[in-house]
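Colleague: Structure file target-v4.pdb (PDB, C-alpha atoms) right here:
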ATOM      1  CA  MET A  30     -20.150 -14.866   5.590
ATOM      2  CA  ASN A  31     -21.205 -15.251   1.973
ATOM      3  CA  ARG A  32     -19.076 -15.942  -1.092
ATOM      4  CA  ARG A  33     -18.820 -12.253  -2.069
ATOM      5  CA  GLU A  34     -17.524 -11.226   1.370
ATOM      6  CA  THR A  35     -15.067 -14.115   1.323
ATOM      7  CA  LEU A  36     -13.702 -13.068  -2.082
ATOM      8  CA  VAL A  37     -13.327  -9.453  -0.962
ATOM      9  CA  SER A  38     -11.493 -10.551   2.198
ATOM     10  CA  LEU A  39      -9.180 -12.826   0.227
ATOM     11  CA  SER A  40      -8.479 -10.046  -2.275
ATOM     12  CA  VAL A  41      -7.485  -7.662   0.521
ATOM     13  CA  LEU A  42      -5.194 -10.281   2.044
ATOM     14  CA  ALA A  43      -3.638 -11.093  -1.325
ATOM     15  CA  GLY A  44      -3.071  -7.409  -2.067
ATOM     16  CA  HIS A  45      -1.367  -6.916   1.273
ATOM     17  CA  ALA A  46       0.741 -10.039   0.766
ATOM     18  CA  LEU A  47       1.817  -8.989  -2.736
ATOM     19  CA  PHE A  48       2.468  -5.304  -2.028
ATOM     20  CA  PRO A  49       3.210  -4.844   1.703
ATOM     21  CA  ARG A  50       5.982  -2.327   1.085
ATOM     22  CA  VAL A  51       3.738  -0.001  -0.930
ATOM     23  CA  LEU A  52       1.038  -0.154   1.735
ATOM     24  CA  GLU A  53       3.612   0.730   4.411
ATOM     25  CA  LEU A  54       5.020   3.583   2.341
ATOM     26  CA  VAL A  55       1.585   4.976   1.475
ATOM     27  CA  ALA A  56       0.621   4.859   5.162
ATOM     28  CA  LEU A  57       3.850   6.628   6.129
ATOM     29  CA  ASP A  58       3.392   9.184   3.378
ATOM     30  CA  ALA A  59      -0.183   9.879   4.479
ATOM     31  CA  GLY A  60       1.229  10.995   7.812
ATOM     32  CA  ALA A  61       3.742  13.214   6.029
ATOM     33  CA  ALA A  62       1.155  14.781   3.698
ATOM     34  CA  ALA A  63       0.953  17.873   5.870
ATOM     35  CA  GLN A  64       4.610  18.613   5.097
ATOM     36  CA  GLY A  65       3.706  19.508   1.529
ATOM     37  CA  ALA A  66       4.934  18.570  -1.902
ATOM     38  CA  ALA A  67       8.250  20.403  -1.483
ATOM     39  CA  ASP A  68       9.495  17.743   0.970
ATOM     40  CA  TRP A  69       8.633  14.793  -1.283
ATOM     41  CA  ARG A  70      11.600  12.787  -2.564
ATOM     42  CA  PRO A  71      10.694  10.466  -5.464
ATOM     43  CA  GLU A  72      11.963   6.896  -5.216
ATOM     44  CA  VAL A  73      12.283   5.850  -8.852
ATOM     45  CA  LEU A  74      12.130   9.266 -10.526
ATOM     46  CA  SER A  75      14.447  12.251 -10.426
ATOM     47  CA  PRO A  76      13.111  15.420  -8.750
ATOM     48  CA  GLU A  77      12.534  16.944 -12.229
ATOM     49  CA  GLN A  78      10.621  13.855 -13.363
ATOM     50  CA  GLY A  79       8.636  14.077 -10.115
ATOM     51  CA  ARG A  80       7.560  17.641 -10.962
ATOM     52  CA  VAL A  81       6.499  16.528 -14.442
ATOM     53  CA  LEU A  82       4.622  13.545 -12.959
ATOM     54  CA  ALA A  83       2.754  15.852 -10.561
ATOM     55  CA  GLU A  84       1.562  17.907 -13.545
ATOM     56  CA  ILE A  85       0.679  14.768 -15.525
ATOM     57  CA  VAL A  86      -1.599  13.435 -12.771
ATOM     58  CA  GLU A  87      -3.157  16.880 -12.364
ATOM     59  CA  THR A  88      -3.821  16.976 -16.124
ATOM     60  CA  ILE A  89      -5.463  13.543 -15.940
ATOM     61  CA  ILE A  90      -7.602  14.472 -12.890
ATOM     62  CA  PRO A  91      -7.673  18.280 -12.624
ATOM     63  CA  ALA A  92      -9.112  20.275  -9.769
ATOM     64  CA  THR A  93     -12.720  21.246 -10.454
ATOM     65  CA  ASP A  94     -15.372  21.535  -7.754
ATOM     66  CA  THR A  95     -13.325  18.803  -6.019
ATOM     67  CA  PRO A  96      -9.564  18.762  -5.395
ATOM     68  CA  GLY A  97      -7.368  17.386  -8.176
ATOM     69  CA  ALA A  98      -4.833  14.580  -8.192
ATOM     70  CA  THR A  99      -1.921  16.612  -6.825
ATOM     71  CA  ALA A 100      -3.968  17.677  -3.795
ATOM     72  CA  ALA A 101      -4.535  13.964  -3.137
ATOM     73  CA  ARG A 102      -0.758  13.383  -3.600
ATOM     74  CA  VAL A 103      -1.406  10.882  -6.371
ATOM     75  CA  HIS A 104       2.029  11.609  -7.868
ATOM     76  CA  VAL A 105       3.572  10.104  -4.717
ATOM     77  CA  PHE A 106       1.401   6.999  -5.120
ATOM     78  CA  VAL A 107       2.331   6.644  -8.812
ATOM     79  CA  ASP A 108       6.048   6.939  -7.977
ATOM     80  CA  LEU A 109       5.706   4.243  -5.295
ATOM     81  CA  MET A 110       3.795   1.966  -7.641
ATOM     82  CA  LEU A 111       6.397   2.429 -10.371
ATOM     83  CA  ALA A 112       9.200   1.753  -7.887
ATOM     84  CA  HIS A 113       7.755  -1.289  -6.131
ATOM     85  CA  CYS A 114       4.903  -2.839  -8.131
ATOM     86  CA  THR A 115       5.509  -2.265 -11.834
ATOM     87  CA  PRO A 116       7.546  -4.712 -13.946
ATOM     88  CA  ALA A 117      10.797  -3.356 -15.411
ATOM     89  CA  GLU A 118       9.693  -2.873 -19.023
ATOM     90  CA  PRO A 119       6.454  -0.932 -18.324
ATOM     91  CA  ARG A 120       8.358   1.123 -15.725
ATOM     92  CA  ARG A 121      11.042   2.035 -18.288
ATOM     93  CA  THR A 122       8.356   2.943 -20.837
ATOM     94  CA  ALA A 123       6.514   5.170 -18.347
ATOM     95  CA  ILE A 124       9.715   6.904 -17.219
ATOM     96  CA  ALA A 125      10.739   7.443 -20.864
ATOM     97  CA  ALA A 126       7.328   9.014 -21.525
ATOM     98  CA  ILE A 127       7.763  11.317 -18.512
ATOM     99  CA  ASP A 128      11.213  12.283 -19.851
ATOM    100  CA  THR A 129       9.764  12.905 -23.322
ATOM    101  CA  LEU A 130       7.236  15.362 -21.896
ATOM    102  CA  GLY A 131       9.783  17.167 -19.697
ATOM    103  CA  GLU A 132      10.030  20.942 -19.413
ATOM    104  CA  ARG A 133       7.847  21.664 -22.443
ATOM    105  CA  PHE A 134       4.956  19.930 -20.653
ATOM    106  CA  LEU A 135       5.392  22.152 -17.595
ATOM    107  CA  ALA A 136       5.306  25.286 -19.747
ATOM    108  CA  ALA A 137       2.311  24.218 -21.843
ATOM    109  CA  SER A 138      -1.311  25.331 -21.558
ATOM    110  CA  PRO A 139      -3.936  22.787 -20.401
ATOM    111  CA  ASP A 140      -5.041  22.076 -23.994
ATOM    112  CA  GLU A 141      -1.436  21.625 -25.128
ATOM    113  CA  ARG A 142      -0.789  19.295 -22.192
ATOM    114  CA  LEU A 143      -3.672  17.064 -23.260
ATOM    115  CA  ALA A 144      -2.308  16.929 -26.801
ATOM    116  CA  GLN A 145       1.190  16.105 -25.522
ATOM    117  CA  LEU A 146      -0.166  13.335 -23.287
ATOM    118  CA  GLN A 147      -2.072  11.802 -26.193
ATOM    119  CA  ALA A 148       1.129  11.810 -28.282
ATOM    120  CA  ILE A 149       3.178   9.646 -25.892
ATOM    121  CA  ASP A 150       3.411   5.858 -25.983
ATOM    122  CA  ALA A 151      -0.067   4.330 -25.626
ATOM    123  CA  GLY A 152       1.121   1.740 -23.087
ATOM    124  CA  ALA A 153       2.799   4.370 -20.925
ATOM    125  CA  LEU A 154      -0.257   6.627 -21.086
ATOM    126  CA  ALA A 155      -2.553   3.744 -20.136
ATOM    127  CA  LEU A 156      -0.318   2.843 -17.176
ATOM    128  CA  LEU A 157      -0.098   6.451 -15.958
ATOM    129  CA  LYS A 158      -3.874   6.892 -16.292
ATOM    130  CA  GLU A 159      -4.573   3.608 -14.502
ATOM    131  CA  LEU A 160      -2.250   4.422 -11.601
ATOM    132  CA  THR A 161      -3.606   7.975 -11.362
ATOM    133  CA  ILE A 162      -7.213   6.820 -11.181
ATOM    134  CA  LEU A 163      -6.352   4.031  -8.741
ATOM    135  CA  GLY A 164      -4.437   6.404  -6.483
ATOM    136  CA  TYR A 165      -7.088   9.122  -6.619
ATOM    137  CA  CYS A 166     -10.103   6.894  -5.995
ATOM    138  CA  ASN A 167      -8.339   5.245  -3.045
ATOM    139  CA  SER A 168      -7.088   8.492  -1.517
ATOM    140  CA  GLN A 169      -8.988  10.154   1.294
ATOM    141  CA  ILE A 170      -9.744  13.155  -0.912
ATOM    142  CA  GLY A 171     -10.951  11.031  -3.818
ATOM    143  CA  ALA A 172     -13.058   8.668  -1.726
ATOM    144  CA  THR A 173     -14.687  11.324   0.447
ATOM    145  CA  GLN A 174     -14.895  14.419  -1.776
ATOM    146  CA  ALA A 175     -15.012  13.184  -5.375
ATOM    147  CA  LEU A 176     -17.049  10.036  -4.736
ATOM    148  CA  ALA A 177     -20.013   9.478  -2.435
ATOM    149  CA  TYR A 178     -18.743   7.695   0.673
ATOM    150  CA  VAL A 179     -20.499   5.804   3.443
ATOM    151  CA  LYS A 180     -18.044   5.052   6.233
ATOM    152  CA  VAL A 181     -19.989   2.069   7.552
ATOM    153  CA  PRO A 182     -22.257   0.797   4.783
ATOM    154  CA  GLY A 183     -25.364  -1.178   5.646
ATOM    155  CA  GLU A 184     -26.593  -4.247   3.835
ATOM    156  CA  TYR A 185     -25.440  -5.089   0.341
ATOM    157  CA  ARG A 186     -27.553  -3.599  -2.419
ATOM    158  CA  GLY A 187     -26.272  -4.575  -5.853
ATOM    159  CA  CYS A 188     -28.028  -1.879  -7.828
ATOM    160  CA  ILE A 189     -28.479   1.590  -6.360
ATOM    161  CA  PRO A 190     -30.134   4.215  -8.565
ATOM    162  CA  LEU A 191     -28.332   7.555  -8.683
ATOM    163  CA  GLY A 192     -30.249  10.795  -8.385
ATOM    164  CA  PRO A 193     -29.642  13.873 -10.527
ATOM    165  CA  ASP A 194     -26.162  15.348  -9.930
ATOM    166  CA  GLN A 195     -25.324  12.545  -7.461
ATOM    167  CA  ARG A 196     -21.750  11.255  -7.432
ATOM    168  CA  ALA A 197     -20.900   7.574  -7.946
ATOM    169  CA  TRP A 198     -20.417   5.529  -4.777
ATOM    170  CA  ALA A 199     -16.872   4.933  -3.512
ATOM    171  CA  THR A 200     -17.877   1.836  -1.561
ATOM    172  CA  ARG A 201     -20.748  -0.575  -2.115
TER     173      ARG A 201
END
Kindly return the structure encoded in the file as C-alpha cells.
Modeller:
Amino acid sequence: MNRRETLVSLSVLAGHALFPRVLELVALDAGAAAQGAADWRPEVLSPEQGRVLAEIVETIIPATDTPGATAARVHVFVDLMLAHCTPAEPRRTAIAAIDTLGERFLAASPDERLAQLQAIDAGALALLKELTILGYCNSQIGATQALAYVKVPGEYRGCIPLGPDQRAWATR
C-alpha cells in the first residue's frame, strides 16, 4: 500500500467516524428511493421548505441529457447534512435563505429562479451549492450517468486525457 492509498483509506474511516448517522440515513433512504418524493419527510425542514429545497437543488443541477438533482434525491441528502453535519449558524442561515425564497421561488421561471438564488445570502448559497454538488456527484445517478464511472478501476494514472465530448471521471 502506498501513501496515497493510505490517505484515502484514512479519509474514508474518518468520514465514517465523524458522520455515521448520515451514512446510515443515506443508505436507508437509498432503499426507500423507489417510494418517491411524496413519502419523504424532511428532518430539519418543514414540508414546505422541503419542496422549495427540491426546486433549489434542481435549479443548481437541472435535468439535461442526464437526470437532475431531484431525480438523484439530492434534496434528501441536503436535508440530512443540514440536520446532522452542519453547525448551527450556517444551518440557520441556509434555512432562512430557503424561507426567503419560499412560494415565489416555486412559481418563478427558470431564469427568475437563478436571479432569486443569486440574491440570497452568499454563505447560504455557497453551502447549498456545495451540498448539492456533493450529494449529486456521490449519488448513483450522478456517478454513473453524469460522470464517467469505472466500477473497478485499474492502476492509478494521475493524468488521463479526455476525448471530445467525454465526461469527467467520477473515480480515479
Colleague: Could you list the residues chosen by the PyMOL selection byres ((chain A and resi 133-146) around 12) in this structure as a VMD selection string?
Modeller: chain A and resid 77 to 91 123 126 to 132 147 to 155 157 to 158
Colleague: Counting only C-alpha atoms, note down every residue that has an atom within 6 Å of the point (-20.4, 5.6, -5.3) (file coordinates), as a list in words.
Modeller: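 Residues lying no farther than 6 Å from the given point: Leu176, Ala177, Ala197, Trp198, Ala199 and Thr200 of chain A.
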Colleague: Would you mind reading off the distance between atom CA of A:Ala101 and atom CA of A:Ile170, one decimal, in Å?
Modeller: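 Atom-to-atom, atom CA of A:Ala101 to atom CA of A:Ile170, that is 5.7 Å.
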Colleague: List the residues sitting within 10 Å of (-6.5, 18.0, 0.4) in the file's frame, using all atoms listed in the file, as a list in words.
Modeller: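 Protein and nucleic acid residues near the point are Ala62, Ala63, Thr95, Pro96, Gly97, Ala98, Thr99, Ala100, Ala101, Arg102, Ser168, Gln169, Ile170, Gly171 and Gln174 of chain A.
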Colleague: In Å, with one decimal, what is the gap from atom CA of A:Pro76 to atom CA of A:Glu159?
Modeller: 22.0 Å
Colleague: For A:Val105, which residue among A:Thr35, A:Leu156, A:Tyr165, A:Arg121 is the nearest when counting all atoms listed in the file?
Modeller: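 Nearest candidate to A:Val105 out of A:Thr35, A:Leu156, A:Tyr165, A:Arg121: A:Tyr165.
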Colleague: Between atom CA of A:Ala92 and atom CA of A:Pro119, what is the distance in Å, rounded to a tenth?
Modeller: 27.7 Å
Colleague: Using all atoms listed in the file for the distances, tell me which of A:Val179, A:Leu74, A:Ala125, A:Leu163 is nearest to A:Val103.
Modeller: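 Of all the options, A:Leu163 lies closest to A:Val103.
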Colleague: Since I can't run it myself right now, could you work out what the PyMOL selection byres ((chain A and resi 115) around 12) selects here and report it as an mmCIF file with C-alpha atoms, keeping the file's coordinate frame?
Modeller:
data_model
loop_
_atom_site.group_PDB
_atom_site.id
_atom_site.type_symbol
_atom_site.label_atom_id
_atom_site.label_comp_id
_atom_site.auth_asym_id
_atom_site.auth_seq_id
_atom_site.Cartn_x
_atom_site.Cartn_y
_atom_site.Cartn_z
ATOM 1 C CA LEU A 47 1.817 -8.989 -2.736
ATOM 2 C CA PHE A 48 2.468 -5.304 -2.028
ATOM 3 C CA VAL A 51 3.738 -0.001 -0.930
ATOM 4 C CA VAL A 73 12.283 5.850 -8.852
ATOM 5 C CA VAL A 107 2.331 6.644 -8.812
ATOM 6 C CA ASP A 108 6.048 6.939 -7.977
ATOM 7 C CA LEU A 109 5.706 4.243 -5.295
ATOM 8 C CA MET A 110 3.795 1.966 -7.641
ATOM 9 C CA LEU A 111 6.397 2.429 -10.371
ATOM 10 C CA ALA A 112 9.200 1.753 -7.887
ATOM 11 C CA HIS A 113 7.755 -1.289 -6.131
ATOM 12 C CA CYS A 114 4.903 -2.839 -8.131
ATOM 13 C CA PRO A 116 7.546 -4.712 -13.946
ATOM 14 C CA ALA A 117 10.797 -3.356 -15.411
ATOM 15 C CA GLU A 118 9.693 -2.873 -19.023
ATOM 16 C CA PRO A 119 6.454 -0.932 -18.324
ATOM 17 C CA ARG A 120 8.358 1.123 -15.725
ATOM 18 C CA ARG A 121 11.042 2.035 -18.288
ATOM 19 C CA THR A 122 8.356 2.943 -20.837
ATOM 20 C CA ALA A 123 6.514 5.170 -18.347
ATOM 21 C CA ILE A 124 9.715 6.904 -17.219
ATOM 22 C CA ALA A 153 2.799 4.370 -20.925
ATOM 23 C CA LEU A 156 -0.318 2.843 -17.176
ATOM 24 C CA LEU A 157 -0.098 6.451 -15.958
ATOM 25 C CA GLU A 159 -4.573 3.608 -14.502
ATOM 26 C CA LEU A 160 -2.250 4.422 -11.601
#
Colleague: With 4 Å on each side, where is the centre of the axis-aligned box around all listed atoms of stretch 148-160 of chain A, and how long are its edges in Å to one decimal, as lines of an AutoDock Vina configuration file?
Modeller:
center_x = -0.6
center_y = 6.8
center_z = -19.9
size_x = 16.0
size_y = 18.1
size_z = 24.7
Colleague: For A:Pro71, which of A:Phe106, A:Cys166, A:Thr93, A:Thr161 is the closest residue, counting all atoms listed in the file?
Modeller: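 Closest to A:Pro71 of all the choices is A:Phe106.
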